[in-house]
Amino acid sequence: MTNTAPFAHIETPALLGDESATGSVTGLSTQEVIELEHEYGAHNYHPLPVVFSRAEGVYVWDPEGRCYMDFLSAYSAVNQGHTHPRILKTLIDQAGTLALSSRAFYNNIFGQYAKFVTEYFGYEMVLPMNTGAEAVETAIKLARRWGYDKKGIAPDQAILLACKENFHGRTISIVSMSTDPSARAGFGPFNPNIGPVCPAGKGSLRYNHAEDLEAALKAHGDRVCGFLVEPIQGEAGVVVPDEGYLTRCYELCKQYNVLFIADEIQSGLARTGKMLAIDHENIKADVLILGKALSGGIYPVSAVLASKEILLTIRPGEHGSTYGGNPLGSAVAITALSVLKDENVADHADKMGKLFRAEMQKEVERSSSIVGKVRGLGLLNAIVIEEERIGGGKGAWEVCLLLKKYGVLAKPTHRNIIRLAPPLCITESEIMRGVEIIKRALADVMTMSIEQIHGGKVEHH
């Protein structure tokens, strides 16, 4: 089966974006929904002004019937496509039988899932959680405990290293590792001995610079329990490291008896054209962190996989989650992972990604283009907008507003970078249609005023 088959029944919309409005509203209008959320929801996000009311495959619809192609995929949570029929059926069937037991008792699904997911990725054990941030926190605790119990690090002296510009979540432990001022300002004090700073070093550990990790390990190797790294830095702007960087870091971790911890929450599960992004360098992490597409976007499921030697350092009562390993999430994850292999999703993502980058490279090479670079692997890609070429106070945000107007949904990251990561079920014709819309938006942002793009009132973001 090809990975587009489950959505073959969807009739390709003739119109997208503003032109596709039906004139009727299902339930609350877009404006009513936005006003409700603004009034009653905490303002910890700045969404693009569009409301999802229905989704299938690559497409989403708003209350007014406008149709869009989703080029964000819930930050790679819906790799298999929105509301994949097999995954949805598993959710419905299992929810009607048993949804939650807590780990105070056994349930008849988790053991099957644990066997399935460990054999799927070649590990001995799994510790189930729900969200990506929970899984990262779990990996941090696990690395420290392993460091004390197995490596012999003195009590409370363990160091966990990470890289500058990282993004692993937003809990206090995780933002303690961050170098993003917006993630840290006003949230201190932060946890010590965790992140991209070498205590005795002169500066931070830069991503894609294995020599920085080597220097830190030379200085503190006996105290370092783990090195946590994104195989591709997604939130930093889809930064793909040089070939050999991850392999060298892995070798250094082996040399200094340090756990190599791969955060594959966004980059994993076929997104980059391989099942895992680290598969591009044929290395196997000591600790593997998964989330997002582990459920196909249907239910929160995350996981930490490792050897028994590592995972059994945590004993009963020392870590857990009421929902972690619940039968509903476990059943959904089995199907979500099965879909990735059964539908050859990774191979398709590789092919579609190469097509997308080749088409966007043509835009980069135009002499008057405002795109300075296109980069990525598989269908995890980004374009870098040269905002100084646009002028008029316009930038990547305005490009994304025009993309929405014309029928493609994406968001900037790090101000001038637009991440473009559609569901992996996208077809070649849909890729080409998306490229056409992206190029239209890039052209129109140069000629339209910022007031025209914003529809009057200009909102700061």
# chains A, B, ... in the order shown; residues from 1 in each chain; ligands from 1

call {"tool": "residues_around", "arguments": {"residues": "Cys253 in chain A", "least_positions_apart": "2", "cutoff": "10 Å", "atoms": "only C-alpha atoms", "output": "PyMOL selection string"}}
result
chain A and resi 213-214+217+221+224-227+247-251+255-261+286

call {"tool": "residues_around", "arguments": {"residues": "Gly203 in chain A", "least_positions_apart": "6", "cutoff": "10 Å", "atoms": "only C-alpha atoms", "output": "PDB file with all heavy atoms, in the first residue's frame"}}
result
ATOM      1  N   PRO A 196      23.838  23.576  27.730  1.00  0.00           N
ATOM      2  CA  PRO A 196      24.958  23.715  26.790  1.00  0.00           C
ATOM      3  C   PRO A 196      26.201  24.398  27.361  1.00  0.00           C
ATOM      4  O   PRO A 196      27.100  24.739  26.597  1.00  0.00           O
ATOM      5  CB  PRO A 196      24.346  24.577  25.677  1.00  0.00           C
ATOM      6  CG  PRO A 196      23.344  25.429  26.380  1.00  0.00           C
ATOM      7  CD  PRO A 196      22.796  24.586  27.493  1.00  0.00           C
ATOM      8  N   VAL A 197      26.252  24.599  28.659  1.00  0.00           N
ATOM      9  CA  VAL A 197      27.392  25.298  29.247  1.00  0.00           C
ATOM     10  C   VAL A 197      28.297  24.311  29.970  1.00  0.00           C
ATOM     11  O   VAL A 197      27.855  23.564  30.843  1.00  0.00           O
ATOM     12  CB  VAL A 197      26.937  26.401  30.214  1.00  0.00           C
ATOM     13  CG1 VAL A 197      28.149  27.094  30.824  1.00  0.00           C
ATOM     14  CG2 VAL A 197      26.072  27.422  29.480  1.00  0.00           C
ATOM     15  N   ASP A 212      33.283  21.200  20.479  1.00  0.00           N
ATOM     16  CA  ASP A 212      32.806  21.783  21.735  1.00  0.00           C
ATOM     17  C   ASP A 212      32.428  20.695  22.729  1.00  0.00           C
ATOM     18  O   ASP A 212      32.722  20.789  23.923  1.00  0.00           O
ATOM     19  CB  ASP A 212      31.599  22.681  21.477  1.00  0.00           C
ATOM     20  CG  ASP A 212      31.964  23.961  20.741  1.00  0.00           C
ATOM     21  OD1 ASP A 212      33.153  24.121  20.386  1.00  0.00           O
ATOM     22  OD2 ASP A 212      31.061  24.788  20.519  1.00  0.00           O
TER      23      ASP A 212
END

call {"tool": "atom_distance", "arguments": {"atom1": "CA of Thr26 in chain A", "atom2": "CA of Thr83 in chain A"}}
result
19.2 Å

call {"tool": "atom_distance", "arguments": {"atom1": "CA of Arg433 in chain A", "atom2": "CA of Cys400 in chain A"}}
result
15.9 Å

call {"tool": "residues_around", "arguments": {"residues": "range 164-170 of chain A", "least_positions_apart": "5", "cutoff": "10 Å", "atoms": "only C-alpha atoms", "output": "MDAnalysis selection string"}}
result
chainID A and resid 131:137 175:180 183:184 195:197 204:208 228:230 232:237 239 263:266

call {"tool": "select_by_dssp", "arguments": {"residues": "range 4-188 of chain A", "states": "strand (DSSP E)", "output": "list in words"}}
result
Arg54, Ala55, Glu56, Tyr59, Val60, Trp61, Cys67, Tyr68, Met69, Asp70, Met125, Val126, Leu127, Pro128, Met129, Ile159, Leu160 and Leu161 of chain A

call {"tool": "closest_atom_pairs", "arguments": {"of": "range 329-348 of chain A", "to": "range 378-395 of chain A", "cutoff": "9 Å", "atoms": "only C-alpha atoms", "output": "JSON lines"}}
result
{"residue": "A:Ala346", "atom": "CA", "partner": "A:Gly378", "partner_atom": "CA", "distance": 8.0}
{"residue": "A:Asp347", "atom": "CA", "partner": "A:Gly378", "partner_atom": "CA", "distance": 8.7}
{"residue": "A:His348", "atom": "CA", "partner": "A:Gly378", "partner_atom": "CA", "distance": 8.5}

call {"tool": "closest_residue", "arguments": {"among": "A:Val371, A:Asn79, A:Pro49, A:Asn416", "to": "Gly455 in chain A", "atoms": "only C-alpha atoms"}}
result
A:Pro49

call {"tool": "atom_distance", "arguments": {"atom1": "CA of Ala336 in chain A", "atom2": "CA of Arg66 in chain A"}}
result
28.3 Å

call {"tool": "residues_around", "arguments": {"residues": "Tyr148 in chain A", "least_positions_apart": "3", "cutoff": "12 Å", "atoms": "only C-alpha atoms", "output": "list in words"}}
result
Lys141, Leu142, Ala143, Arg144, Arg145, Lys151, Gly152, Ile153, Ala154, Pro155, Asp156, Gln157, Ala158, Ile159, Asp222, Arg223, Val224, Cys225, Gly226, Val258, Ile310, Thr313 and Ile314 of chain A

call {"tool": "write_last_selection", "arguments": {"atoms": "C-alpha atoms", "output": "short mmCIF file (atom, residue, chain, number, x, y, z; two decimals), in the first residue's frame"}}
result
data_model
loop_
_atom_site.label_atom_id
_atom_site.label_comp_id
_atom_site.auth_asym_id
_atom_site.auth_seq_id
_atom_site.Cartn_x
_atom_site.Cartn_y
_atom_site.Cartn_z
CA LYS A 141 16.13 11.71 35.35
CA LEU A 142 17.13 8.41 33.80
CA ALA A 143 20.52 9.73 32.70
CA ARG A 144 21.27 11.12 36.14
CA ARG A 145 20.23 7.91 37.90
CA LYS A 151 28.99 5.24 36.09
CA GLY A 152 29.76 6.08 39.71
CA ILE A 153 29.33 9.84 39.60
CA ALA A 154 29.44 11.39 43.08
CA PRO A 155 26.00 12.25 44.54
CA ASP A 156 24.44 15.41 43.11
CA GLN A 157 27.41 16.07 40.82
CA ALA A 158 26.04 14.77 37.51
CA ILE A 159 26.21 16.99 34.44
CA ASP A 222 33.88 11.76 34.69
CA ARG A 223 30.84 13.81 35.78
CA VAL A 224 28.85 13.83 32.53
CA CYS A 225 25.94 11.39 32.49
CA GLY A 226 24.41 12.25 29.16
CA VAL A 258 28.27 9.08 28.43
CA ILE A 310 19.67 1.87 31.84
CA THR A 313 18.00 1.93 37.40
CA ILE A 314 14.59 3.54 38.05
#

call {"tool": "closest_residue", "arguments": {"among": "A:Glu39, A:Asp342, A:Asp70, A:Glu124", "to": "Arg54 in chain A", "atoms": "only C-alpha atoms"}}
result
A:Asp70

call {"tool": "residues_around", "arguments": {"residues": "Tyr113 in chain A", "least_positions_apart": "5", "cutoff": "9 Å", "atoms": "only C-alpha atoms", "output": "PyMOL selection string"}}
result
chain A and resi 118+325+327+330-331+333-334

call {"tool": "residues_around", "arguments": {"residues": "range 100-103 of chain A", "least_positions_apart": "5", "cutoff": "10 Å", "atoms": "only C-alpha atoms", "output": "ChimeraX atom specification"}}
result
/A:95,108,110,320-329

call {"tool": "write_last_selection", "arguments": {"atoms": "C-alpha atoms", "output": "compact mmCIF listing (two decimals), in the first residue's frame"}}
result
# COMPACT_ATOMS: atom_id res chain seq x y z
CA ALA A 95 -12.11 3.80 23.92
CA ASN A 108 -4.26 -6.05 28.67
CA PHE A 110 0.32 -2.00 27.48
CA GLY A 320 5.60 7.50 36.61
CA SER A 321 2.45 9.00 35.16
CA THR A 322 -1.22 8.24 35.73
CA TYR A 323 -1.86 8.14 31.99
CA GLY A 324 1.50 6.77 30.84
CA GLY A 325 1.01 3.34 29.28
CA ASN A 326 -2.77 3.61 29.30
CA PRO A 327 -4.55 1.09 27.06
CA LEU A 328 -6.04 3.73 24.78
CA GLY A 329 -2.71 5.39 24.01

call {"tool": "residues_around", "arguments": {"residues": "Ile172 in chain A", "least_positions_apart": "5", "cutoff": "9 Å", "atoms": "only C-alpha atoms", "output": "VMD selection string"}}
result
chain A and resid 177 184 187 to 191

call {"tool": "select_by_dssp", "arguments": {"residues": "range 111-345 of chain A", "states": "helix (DSSP H, G or I)", "output": "ChimeraX atom specification"}}
result
/A:111-121,132-151,172-175,181-184,210-220,245-255,277-281,292-295,308-311,327-342,345
